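Data block below; observations after.
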Amino acid sequence: MAKDHFAGQQEKLLAAQSKLTKLKQKMGKFGALNGGKLKKENEMKGKPLGERLVLGGNFQLHPGDLVSLDISPIVGYRWTKMLRIGLGGTYRTTFDEKEKFLLSDEKEVFGYRGYVEHDVYKGFYVHGEYERLNGTDLSKKNIPQDNRANTWRDGALLGLGKSYQIKNKIKGNVMMLYNFLYDDQSHYNKPWNLRFGFELIGSGKQKKKETNKQ
């Protein structure tokens, strides 16, 4: 009866088989059912540490009578293909325009931060971070520079970034962030922060897939 039912339906059967194969390929990106819902697999699971590490740094310029430059190295970890978490440090050096841009210690700032990034669309990503910076207490401007104590100031920054390919595994990026903890004593000149940087992604070697010849 089955043979009679499917007689002359070979084309429909082949089409259904092709659809089923494509569906299986799609479903391969997902794990087992979890409470009746499909759970997507972590594409970075099982990857060597070298492929998950993100090394790089960011730079931020603070123009004014005294031009300051933030240098911020970072070490990140690709938790998933789209999600990254990491730590970083910051050191601010200042150049005195009146002294032909020689280094000045008037606005020396240093600190650390933790951050998280999530890809959104075609190189755009959301960046959030919490940082602590140590520098001169700007609330005591009437006191001579040498007599001012250094203070720690917190920052909570959130914004949008855009990455772009430079060469092979080297990517450049630019970020516009807003500091929600900004005030008159902040170690920033304004709440908006524009940063430029670069990243070295996936320094580990990928294994080539071997194909069996029949």
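Residues are referred to by chain and number: the chain letter is A, B, ... according to the order shown in the structure tokens, the number counts from 1 in that chain, and ligands are numbered separately from 1 in the order shown.
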
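Near Ser163 of chain A, within 9 Å and counting only C-alpha atoms, sit Lys122, Gly123, Phe124, Tyr125, Gly161, Gln165, Lys171, Gly172, Asn173, Val174, Met175 and Phe198 of chain A; same-chain residues fewer than 2 positions away were not included.
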
Hey, what's within 6 Å of segment 79-95 of chain A if we count only C-alpha atoms and toss same-chain stuff fewer than 5 positions away? As number ranges by chain, please? A: 42, 44, 66-74, 101-104, 108-119

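Atom CA of Gly159 of chain A lies 12.1 Å from atom CA of Val120 of chain A.
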
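When only C-alpha atoms are used to compute distances to Tyr188 of chain A, the closest of the residues A:Leu133, A:Leu53, A:Ala16, A:Val75 turns out to be A:Leu133.
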
By how many Å are atom CA of Glu41 of chain A and atom CA of Leu200 of chain A apart? 24.8 Å

Pick out the residues sitting within 10 Å of Asn193 of chain A, and hand them over as a list in words; count only C-alpha atoms, and ignore anything fewer than 2 positions along from it in its own chain. Gln60, Leu61, His62, Leu157, Leu158, Gly159, Met175, Met176, Leu177, Tyr178, Asn179, Tyr188, Asn189, Lys190, Pro191 and Arg195 of chain A
